[in-house]
$ cat upload_34.txt   # compact mmCIF, C-alpha atoms
# COMPACT_ATOMS: atom_id res chain seq x y z
CA ARG A 234 7.02 -20.42 -1.24
CA VAL A 235 7.66 -23.99 -2.28
CA ASP A 236 8.13 -27.01 -0.02
CA LEU A 237 10.41 -29.61 -1.59
CA HIS A 238 9.40 -32.15 1.05
CA GLU A 239 6.00 -32.51 -0.60
CA PRO A 240 5.63 -35.27 -3.22
CA TYR A 241 4.46 -32.77 -5.86
CA PRO A 242 5.40 -29.27 -4.62
CA ALA A 243 3.35 -26.23 -5.60
CA PHE A 244 4.35 -22.56 -5.58
CA THR A 245 2.21 -20.32 -3.39
CA VAL A 246 2.20 -16.61 -2.57
CA VAL A 247 2.78 -15.89 1.13
CA ARG A 248 3.11 -12.78 3.28
CA LYS A 249 5.06 -14.21 6.20
CA LEU A 250 8.33 -16.10 6.43
CA LYS A 251 8.24 -19.24 8.58
CA LYS A 252 10.89 -21.68 9.71
CA ASP A 253 9.15 -24.68 8.16
CA GLY A 254 11.88 -26.07 5.91
CA ALA A 255 10.32 -24.62 2.77
CA ARG A 256 12.10 -22.39 0.22
CA TYR A 257 11.09 -18.73 0.00
CA PHE A 258 11.77 -16.31 -2.85
CA GLY A 259 11.49 -12.54 -2.81
CA PRO A 260 10.63 -9.88 -2.16
CA PHE A 261 10.16 -8.82 -5.78
CA LEU A 262 10.00 -5.03 -5.92
CA GLY A 263 10.43 -4.48 -9.66
CA ILE A 264 7.71 -6.88 -10.81
CA SER A 265 4.62 -8.31 -9.17
CA VAL A 266 4.60 -11.86 -7.85
CA LYS A 267 1.51 -12.49 -9.99
CA GLU A 268 3.42 -11.62 -13.18
CA LEU A 269 6.33 -13.84 -12.17
CA LEU A 270 4.05 -16.79 -11.47
CA GLU A 271 2.25 -16.31 -14.78
CA MET A 272 5.63 -16.57 -16.53
CA LEU A 273 6.60 -19.55 -14.40
CA TYR A 274 3.41 -21.50 -15.13
CA ALA A 275 3.59 -20.60 -18.82
CA ALA A 276 7.07 -22.12 -19.07
CA PHE A 277 6.96 -25.06 -16.67
CA PRO A 278 4.11 -27.64 -16.48
CA LEU A 279 3.45 -27.35 -12.75
CA ARG A 280 0.23 -27.67 -10.83
CA THR A 281 -1.66 -24.58 -9.67
CA CYS A 282 -4.33 -26.52 -7.75
CA ARG A 283 -4.63 -27.32 -4.05
CA PHE A 284 -5.09 -31.05 -4.53
CA ASN A 285 -4.62 -33.09 -1.34
CA PHE A 286 -2.20 -35.93 -2.09
CA ALA A 287 -2.51 -37.38 1.41
CA GLY A 288 -5.68 -39.24 0.47
CA GLY A 289 -3.86 -41.36 -2.11
CA LYS A 290 -6.75 -41.26 -4.60
CA ALA A 291 -6.26 -40.09 -8.16
CA ALA A 292 -8.41 -37.26 -9.47
CA ARG A 293 -9.80 -36.42 -12.88
CA PRO A 294 -7.26 -34.14 -14.60
CA CYS A 295 -8.20 -30.52 -15.14
CA LEU A 296 -8.07 -28.40 -18.30
CA ASN A 297 -4.43 -27.42 -17.71
CA TYR A 298 -3.46 -31.09 -18.05
CA HIS A 299 -5.27 -31.44 -21.39
CA LEU A 300 -3.67 -28.21 -22.63
CA GLY A 301 -0.21 -29.48 -21.72
CA ARG A 302 0.28 -26.83 -19.05
CA CYS A 303 0.46 -29.32 -16.15
CA LEU A 304 1.99 -32.79 -15.87
CA GLY A 305 -1.10 -33.92 -13.99
CA PRO A 306 0.37 -35.12 -10.68
CA CYS A 307 -3.19 -35.48 -9.35
CA CYS A 308 -3.52 -38.49 -11.70
CA PHE A 309 -0.33 -40.03 -10.25
CA GLU A 310 0.87 -40.64 -13.82
CA VAL A 311 4.07 -38.57 -13.57
CA PRO A 312 7.00 -39.79 -11.42
CA PRO A 313 7.79 -37.41 -8.53
CA GLU A 314 11.40 -37.20 -9.76
CA ARG A 315 10.36 -35.81 -13.13
CA TYR A 316 7.95 -33.35 -11.58
CA LEU A 317 10.61 -32.25 -9.06
CA GLY A 318 12.97 -31.57 -11.96
CA GLU A 319 10.48 -29.04 -13.36
CA VAL A 320 10.15 -27.48 -9.90
CA ARG A 321 13.93 -27.00 -9.68
CA ARG A 322 13.99 -25.35 -13.11
CA ALA A 323 11.28 -22.97 -11.91
CA MET A 324 13.27 -22.27 -8.74
CA ARG A 325 16.30 -21.26 -10.80
CA PHE A 326 14.11 -18.74 -12.60
CA LEU A 327 12.89 -17.23 -9.31
CA GLN A 328 16.52 -17.01 -8.17
CA GLY A 329 17.29 -14.75 -11.13
CA ASN A 330 18.36 -17.17 -13.87
CA ASP A 331 16.04 -16.23 -16.75
CA GLU A 332 18.10 -17.67 -19.62
CA GLU A 333 16.33 -21.04 -19.60
CA ILE A 334 12.84 -19.58 -19.51
CA GLY A 335 13.79 -17.12 -22.23
CA LYS A 336 14.86 -19.99 -24.46
CA ILE A 337 11.53 -21.74 -23.84
CA PHE A 338 9.54 -18.63 -24.76
CA ARG A 339 11.56 -18.00 -27.93
CA GLU A 340 11.03 -21.58 -29.10
CA ARG A 341 7.30 -21.44 -28.40
CA MET A 342 6.95 -18.03 -30.07
CA ALA A 343 8.64 -19.38 -33.21
CA ALA A 344 6.44 -22.50 -33.18
CA ALA A 345 3.28 -20.42 -32.73
CA ALA A 346 4.24 -18.13 -35.60
CA GLN A 347 5.01 -21.16 -37.79
CA ASN A 348 1.51 -22.52 -37.04
CA GLN A 349 0.01 -19.06 -37.69
CA ASP A 350 -1.20 -18.90 -34.08
CA PHE A 351 -0.38 -15.23 -33.92
CA GLU A 352 -2.19 -14.52 -30.65
CA ALA A 353 0.01 -17.03 -28.84
CA ALA A 354 3.10 -15.68 -30.61
CA ILE A 355 2.26 -12.15 -29.42
CA LEU A 356 1.77 -13.43 -25.87
CA TYR A 357 5.21 -15.05 -25.83
CA ARG A 358 6.72 -11.94 -27.42
CA ASP A 359 5.33 -9.82 -24.57
CA ARG A 360 6.71 -12.24 -22.01
CA LEU A 361 10.12 -12.08 -23.65
CA SER A 362 9.92 -8.29 -23.51
CA ALA A 363 9.23 -8.43 -19.77
CA LEU A 364 12.17 -10.81 -19.32
CA GLU A 365 14.40 -8.47 -21.30
CA LYS A 366 13.54 -5.62 -18.94
CA LEU A 367 14.53 -7.82 -16.02
CA GLY A 368 17.77 -8.73 -17.77
CA GLN A 369 18.66 -5.07 -18.34
CA ARG A 370 19.08 -4.67 -14.59
CA LYS A 371 22.30 -6.66 -14.56
CA VAL A 372 25.01 -4.85 -12.66
CA ALA A 373 28.26 -4.63 -14.58
CA ALA A 374 31.37 -6.05 -12.88
CA LEU A 375 29.35 -8.03 -10.35
CA GLU A 376 29.69 -11.78 -10.35
CA ARG A 377 26.74 -13.60 -11.80
CA LYS A 378 25.98 -15.44 -8.57
CA VAL A 379 26.11 -12.37 -6.33
CA SER A 380 22.92 -11.76 -4.31
CA LEU A 381 22.75 -8.92 -1.83
CA ASP A 382 20.57 -6.10 -0.47
CA VAL A 383 21.77 -2.49 -0.36
CA PHE A 384 20.42 0.08 2.11
CA ALA A 385 21.15 3.83 2.28
CA TYR A 386 19.80 6.05 5.06
CA LEU A 387 19.32 9.80 4.77
CA SER A 388 17.74 12.33 7.13
CA ASN A 389 17.21 16.09 7.15
CA GLY A 390 16.62 16.14 10.93
CA VAL A 391 12.83 16.03 10.57
CA TYR A 392 12.19 13.30 8.03
CA GLY A 393 14.26 10.23 7.22
CA VAL A 394 14.35 7.83 4.27
CA VAL A 395 15.81 4.37 3.70
CA SER A 396 16.34 3.40 0.05
CA ALA A 397 16.83 -0.26 -0.83
CA LEU A 398 18.30 -1.99 -3.87
CA LEU A 399 17.80 -5.73 -4.31
CA VAL A 400 20.43 -7.62 -6.31
CA ARG A 401 19.83 -11.25 -7.22
CA GLU A 402 22.13 -13.33 -9.41
CA GLY A 403 24.07 -10.17 -10.32
CA LYS A 404 20.93 -8.24 -11.37
CA ILE A 405 19.05 -5.42 -9.73
CA VAL A 406 15.59 -6.91 -9.35
CA GLY A 407 14.01 -4.15 -7.29
CA ALA A 408 14.36 -0.69 -5.78
CA ARG A 409 12.18 0.99 -3.19
CA SER A 410 12.30 3.82 -0.67
CA PHE A 411 10.71 3.92 2.78
CA PRO A 412 9.92 7.23 4.56
CA PHE A 413 10.19 8.00 8.27
CA PRO A 414 7.88 10.95 9.15
CA GLU A 415 9.55 11.42 12.56
CA VAL A 416 13.22 10.88 13.31
CA SER A 417 14.07 10.69 17.01
CA LEU A 418 16.88 8.10 17.10
CA GLN A 419 20.50 8.09 16.05
CA LYS A 420 20.93 7.28 12.36
CA SER A 421 22.53 3.92 13.11
CA ASP A 422 19.70 3.05 15.51
CA SER A 423 17.08 4.02 12.92
CA LEU A 424 18.71 1.90 10.23
CA ALA A 425 19.21 -1.08 12.56
CA ASN A 426 15.56 -0.96 13.63
CA PHE A 427 14.48 -0.71 10.01
CA LEU A 428 16.50 -3.80 9.05
CA MET A 429 14.95 -5.80 11.88
CA GLN A 430 11.45 -4.90 10.68
CA TYR A 431 12.29 -5.32 7.00
CA TYR A 432 13.44 -8.91 7.39
CA GLU A 433 10.48 -9.98 9.49
CA ASP A 434 8.69 -11.03 6.29
CA SER A 435 11.52 -11.75 3.86
CA LEU A 436 14.63 -13.92 3.71
CA PRO A 437 17.96 -12.09 4.12
CA PRO A 438 20.48 -12.61 1.27
CA PRO A 439 24.05 -13.72 2.02
CA GLU A 440 25.25 -10.11 2.12
CA ILE A 441 23.70 -6.83 3.26
CA LEU A 442 25.36 -3.52 2.36
CA VAL A 443 24.76 -0.40 4.47
CA ASP A 444 26.10 3.14 4.24
CA LEU A 445 26.51 3.58 8.01
CA ASP A 446 28.71 2.01 10.66
CA LEU A 447 26.31 -0.10 12.71
CA PRO A 448 27.45 -0.94 16.26
CA GLU A 449 24.66 -3.56 16.24
CA ALA A 450 26.09 -5.30 13.14
CA PRO A 451 27.44 -8.42 14.96
CA ALA A 452 24.11 -9.01 16.73
CA LEU A 453 22.18 -8.39 13.48
CA GLU A 454 24.42 -10.81 11.58
CA GLU A 455 23.80 -13.50 14.17
CA HIS A 456 20.04 -12.92 14.10
CA PHE A 457 19.79 -12.87 10.28
CA SER A 458 22.06 -15.93 9.95
CA ASP A 459 19.77 -17.84 12.27
CA LEU A 460 16.75 -16.63 10.29
CA ALA A 461 18.23 -17.63 6.92
CA GLY A 462 19.85 -20.87 8.05
CA ARG A 463 23.22 -19.76 6.63
CA ARG A 464 25.79 -17.04 7.22
CA VAL A 465 24.66 -13.46 6.56
CA LYS A 466 27.26 -10.69 6.42
CA ILE A 467 26.68 -6.94 6.95
CA ALA A 468 29.29 -4.69 5.33
CA ARG A 469 29.98 -1.05 4.49
CA PRO A 470 32.18 -1.09 1.36
CA ALA A 471 34.49 1.88 0.80
CA ARG A 472 35.31 1.30 -2.88
CA GLY A 473 34.50 -0.77 -5.92
CA LYS A 474 31.24 -1.78 -7.53
CA LYS A 475 29.53 -2.43 -4.22
CA LYS A 476 30.34 1.13 -3.16
CA SER A 477 28.77 2.28 -6.43
CA LEU A 478 25.61 0.40 -5.49
CA LEU A 479 25.57 2.23 -2.15
CA ASP A 480 26.00 5.55 -3.98
CA MET A 481 23.09 4.64 -6.26
CA ALA A 482 20.89 3.86 -3.26
CA GLY A 483 22.04 7.09 -1.61
CA LYS A 484 20.99 9.09 -4.68
CA ASN A 485 17.61 7.38 -4.63
CA ALA A 486 17.28 8.30 -0.95
CA ALA A 487 18.13 11.96 -1.65
CA ASP A 488 15.58 12.16 -4.49
CA TYR A 489 12.90 10.46 -2.44
CA LEU A 490 13.60 12.61 0.63
CA ALA A 491 13.12 15.78 -1.42
CA LYS A 492 9.79 14.46 -2.71
CA THR A 493 8.78 13.32 0.77
CA VAL A 494 9.45 16.73 2.31
CA GLU A 495 7.38 18.38 -0.43
CA LYS A 496 4.60 15.83 0.06
CA TYR A 497 4.44 16.41 3.81
CA ARG A 498 4.62 20.17 3.32
CA HIS A 499 1.70 20.03 0.89
CA HIS A 500 -0.25 17.79 3.26
CA GLU A 501 0.40 20.22 6.11
CA GLU A 502 -0.86 23.13 4.01
CA MET A 503 -4.00 21.24 3.01
CA THR A 504 -4.86 20.12 6.55
CA ALA A 505 -3.56 21.83 9.69
CA GLY A 506 -2.41 24.86 7.68
CA ALA A 507 -5.83 25.21 6.09
CA VAL A 508 -7.51 24.97 9.51
CA ALA A 509 -5.33 27.81 10.83
CA MET A 510 -6.13 29.87 7.75
CA LEU A 511 -9.85 29.22 8.23
CA GLN A 512 -9.63 30.42 11.83
CA GLU A 513 -8.10 33.68 10.62
CA ILE A 514 -10.60 34.20 7.80
CA LEU A 515 -13.63 33.59 10.06
CA GLY A 516 -12.16 35.48 13.03
CA LEU A 517 -12.65 32.53 15.39
CA ASP A 518 -11.39 32.64 18.97
CA ARG A 519 -10.19 29.05 18.86
CA LEU A 520 -8.74 26.74 16.24
CA PRO A 521 -11.56 24.74 14.55
CA ARG A 522 -9.86 21.36 15.01
CA ARG A 523 -13.12 19.39 14.93
CA MET A 524 -15.62 20.45 12.27
CA GLU A 525 -18.99 18.85 11.62
CA CYS A 526 -20.67 19.39 8.27
CA TYR A 527 -24.40 18.75 7.75
CA ASP A 528 -26.38 18.22 4.56
CA ILE A 529 -30.07 17.40 4.08
CA SER A 530 -31.24 15.17 1.24
CA ASN A 531 -34.71 14.00 0.26
CA ILE A 532 -36.48 12.40 -2.67
CA SER A 533 -39.76 14.19 -3.55
CA GLY A 534 -40.27 15.08 0.09
CA THR A 535 -39.90 11.47 1.25
CA ASP A 536 -37.04 9.37 2.62
CA LYS A 537 -35.45 12.46 4.15
CA THR A 538 -32.01 11.98 5.68
CA ALA A 539 -29.20 14.15 6.97
CA SER A 540 -25.50 13.38 6.67
CA MET A 541 -22.88 14.43 9.20
CA VAL A 542 -19.30 14.51 7.91
CA VAL A 543 -16.51 15.14 10.42
CA PHE A 544 -13.06 16.65 9.93
CA PHE A 545 -10.35 16.67 12.58
CA ASP A 546 -7.28 18.87 12.04
CA GLY A 547 -8.35 19.24 8.42
CA GLU A 548 -8.55 15.50 7.68
CA PRO A 549 -11.69 13.37 7.28
CA ASP A 550 -12.57 11.36 10.39
CA LYS A 551 -14.66 8.74 8.61
CA ALA A 552 -15.24 6.66 11.72
CA ALA A 553 -17.25 9.60 13.11
CA TYR A 554 -19.48 10.01 10.06
CA ARG A 555 -23.20 9.62 10.85
CA ARG A 556 -26.53 9.59 9.03
CA PHE A 557 -29.82 10.74 10.55
CA ARG A 558 -33.29 9.73 9.44
CA ILE A 559 -35.64 12.71 9.63
CA LYS A 560 -38.55 11.67 11.88
CA THR A 561 -40.72 14.73 12.65
CA VAL A 562 -40.75 16.80 9.44
CA GLU A 563 -43.46 16.42 6.79
CA GLY A 564 -42.68 17.36 3.21
CA SER A 565 -39.53 18.99 1.86
CA ASP A 566 -38.57 21.44 4.57
CA ASP A 567 -34.79 21.78 4.90
CA PHE A 568 -35.09 24.40 7.65
CA ALA A 569 -37.16 22.19 9.94
CA SER A 570 -35.01 19.17 9.08
CA LEU A 571 -31.85 21.01 10.09
CA HIS A 572 -33.52 22.09 13.32
CA GLU A 573 -34.39 18.46 14.14
CA VAL A 574 -30.95 17.08 13.30
CA LEU A 575 -29.01 19.69 15.27
CA SER A 576 -31.31 19.23 18.24
CA ARG A 577 -30.82 15.46 18.23
CA ARG A 578 -27.06 15.77 17.83
CA ILE A 579 -26.68 18.18 20.77
CA ARG A 580 -28.94 16.09 23.01
CA ARG A 581 -26.76 13.04 22.30
CA ALA A 582 -23.73 15.02 23.44
CA GLU A 583 -25.54 15.81 26.71
CA GLU A 584 -26.58 12.17 27.20
CA GLY A 585 -22.99 10.98 26.66
CA GLU A 586 -24.00 7.47 25.60
CA ASP A 587 -22.30 7.59 22.20
CA PRO A 588 -18.55 8.48 22.43
CA SER A 589 -18.56 9.85 18.87
CA PHE A 590 -21.11 12.50 19.96
CA SER A 591 -19.60 13.27 23.35
CA VAL A 592 -17.51 16.21 22.12
CA LEU A 593 -19.19 19.13 20.38
CA PRO A 594 -17.37 20.51 17.34
CA ASP A 595 -15.33 23.69 17.30
CA LEU A 596 -17.24 24.68 14.17
CA PHE A 597 -20.59 23.65 12.67
CA VAL A 598 -20.77 23.81 8.87
CA ILE A 599 -24.25 23.82 7.31
CA ASP A 600 -25.06 23.19 3.67
CA GLY A 601 -27.09 26.11 2.35
CA GLY A 602 -27.39 29.86 2.52
CA LYS A 603 -28.37 32.48 5.03
CA GLY A 604 -31.78 30.93 5.78
CA GLN A 605 -30.43 27.47 6.55
CA LEU A 606 -27.77 28.98 8.78
CA SER A 607 -30.33 30.97 10.75
CA SER A 608 -32.54 27.93 11.36
CA ALA A 609 -29.61 25.75 12.46
CA TYR A 610 -28.22 28.46 14.73
CA ASP A 611 -31.60 28.94 16.43
CA ALA A 612 -31.79 25.20 17.06
CA MET A 613 -28.36 25.20 18.66
CA ARG A 614 -29.04 28.24 20.86
CA SER A 615 -32.42 26.89 21.97
CA LEU A 616 -30.55 24.00 23.59
CA GLY A 617 -28.19 26.31 25.47
CA VAL A 618 -25.18 25.72 23.19
CA ASP A 619 -23.19 28.50 21.57
CA ARG A 620 -20.56 27.31 19.10
CA PRO A 621 -19.28 28.97 15.91
CA MET A 622 -21.42 28.10 12.91
CA ILE A 623 -21.23 28.88 9.21
CA SER A 624 -23.08 27.80 6.09
CA LEU A 625 -21.67 27.06 2.67
CA ALA A 626 -23.69 27.97 -0.40
CA LYS A 627 -22.13 25.53 -2.84
CA ARG A 628 -23.27 27.09 -6.11
CA GLU A 629 -21.30 30.31 -5.61
CA GLU A 630 -18.97 28.91 -2.91
CA GLU A 631 -20.15 31.63 -0.50
CA ILE A 632 -19.55 31.38 3.24
CA TRP A 633 -22.30 32.84 5.43
CA THR A 634 -21.58 33.72 9.04
CA VAL A 635 -24.12 34.38 11.80
CA GLY A 636 -25.48 37.95 11.68
CA ALA A 637 -23.59 38.94 8.53
CA ASP A 638 -25.34 40.85 5.72
CA GLN A 639 -22.84 39.73 3.09
CA PRO A 640 -21.12 36.38 2.57
CA ILE A 641 -17.40 35.75 2.55
CA ARG A 642 -16.02 34.85 -0.85
CA LEU A 643 -12.67 33.12 -0.78
CA PRO A 644 -10.17 33.63 -3.61
CA LYS A 645 -10.38 30.92 -6.27
CA SER A 646 -6.91 29.69 -5.24
CA ASN A 647 -8.35 28.72 -1.81
CA LEU A 648 -11.28 26.67 -3.11
$ encode --input "upload_34.txt" --output "structure tokens"
Amino acid sequence: RVDLHEPYPAFTVVRKLKKDGARYFGPFLGISVKELLEMLYAAFPLRTCRFNFAGGKAARPCLNYHLGRCLGPCCFEVPPERYLGEVRRAMRFLQGNDEEIGKIFRERMAAAAQNQDFEAAILYRDRLSALEKLGQRKVAALERKVSLDVFAYLSNGVYGVVSALLVREGKIVGARSFPFPEVSLQKSDSLANFLMQYYEDSLPPPEILVDLDLPEAPALEEHFSDLAGRRVKIARPARGKKKSLLDMAGKNAADYLAKTVEKYRHHEEMTAGAVAMLQEILGLDRLPRRMECYDISNISGTDKTASMVVFFDGEPDKAAYRRFRIKTVEGSDDFASLHEVLSRRIRRAEEGEDPSFSVLPDLFVIDGGKGQLSSAYDAMRSLGVDRPMISLAKREEEIWTVGADQPIRLPKSNL
């Protein structure tokens, strides 16, 4: 963001678009804003400070001024017109014109090499390399001044994806895909809603390309035109280079959708699927949706604590994690410590004062072997509670169940 109404405008990074008369640039999906600003400040002598010019008092110039990296507007020695000229050059770079900044870097790299300042020469070489990568995104057959956004929507009936291409000054400056875990609307409705949310924080370009017929297009055009302060057109090209851009975005959407489906499938297997498998392996009557896992730790018999880790539908519920300080046990006695912790936890459920303890788990998981399990189970039953409980002997990854003579050993592929 840069406000040309200020006497000495500064570029700042912002997250929200406001109707304040300032100029906004972005989003930049192919390169970080930080990298762009580093290039900008390396090429143009602009201020990076937050100096308040309203006071009218000159300040002592900073190191950037002495290094020639800032014109020093805080000293009021540079005319606003000259400073504004540098700002406009920087704005052209953010709009996609990197020829001028490339010329500056090449000249400075040559000068640094001539002066045997090889570190500076390497720095400018790397910046030129980054600029070259940006320049390689130029779209053939598109006019140099063309700026537009391209959106393709794809759904398999369960998951949906919108892939976006950003073209600025005839160059593709970014590409990104956005998943929709649940699809319940018509495709055109989903895409229209996405566009409304997408442009909440960014400025619409003069033209937006979509691969669907949007009945809401006239209303969207009016809204985006009002947001941008100029006319914004929504189109669905049927041929030509713009259609090729839509096809490119559509291919990105197809690739991303395939990866998204696999990602969600893997997540399902590792969470809800794993919980269902655990129910079958342990022979439980009900699905262990909420599991609480307990571990005792102590240092030389002192500072004893117990940790409670909670899983819900196979995923960590970190907000429900708790730590107990052992109060009644002397020395290093894990059995007695487990008995105390389980007793306190169940009493809190009966008291109902803490919502995180109000619901007992479908499965207790105890760290340890057969002995630890027996002690914890006795503590639970002594309080009139009977819930499934197992213990996990971590060294051999053995699962002990109540009353069993032998542990359950899962296949290595399940660990």
$ residues_around --input "upload_34.txt" --residues "segment 604-618 of chain A" --least-positions-apart "6" --cutoff "6 Å" --atoms "all atoms listed in the file" --output "MDAnalysis selection string"
chainID A and resid 568 571:572 624
$ closest_residue --input "upload_34.txt" --among "A:Ala569, A:Ala344, A:Val383, A:Ile559" --to "Val400 of chain A" --atoms "all atoms listed in the file"
A:Val383
$ atom_distance --input "upload_34.txt" --atom1 "atom CA of Ser477 of chain A" --atom2 "atom CA of Gly403 of chain A"
13.9 Å
$ residues_around --input "upload_34.txt" --residues "Lys251 of chain A" --least-positions-apart "5" --cutoff "12 Å" --atoms "all atoms listed in the file" --output "PyMOL selection string"
chain A and resi 234-236+256-257+432-436+460-462
$ atom_distance --input "upload_34.txt" --atom1 "atom CA of Glu583 of chain A" --atom2 "atom CA of Gly516 of chain A"
27.4 Å
$ residues_around --input "upload_34.txt" --residues "Cys307 of chain A" --least-positions-apart "3" --cutoff "7 Å" --atoms "only C-alpha atoms" --output "list in words"
Phe284, Ala291, Ala292 and Pro294 of chain A
$ atom_distance --input "upload_34.txt" --atom1 "atom CA of Leu479 of chain A" --atom2 "atom CA of Ala385 of chain A"
6.5 Å
$ residues_around --input "upload_34.txt" --residues "Lys537 of chain A" --least-positions-apart "6" --cutoff "10 Å" --atoms "all atoms listed in the file" --output "MDAnalysis selection string"
chainID A and resid 529:531 557:560 562:567 570
$ residues_around --input "upload_34.txt" --residues "Arg519 of chain A" --least-positions-apart "2" --cutoff "10 Å" --atoms "all atoms listed in the file" --output "count of residues only"
10
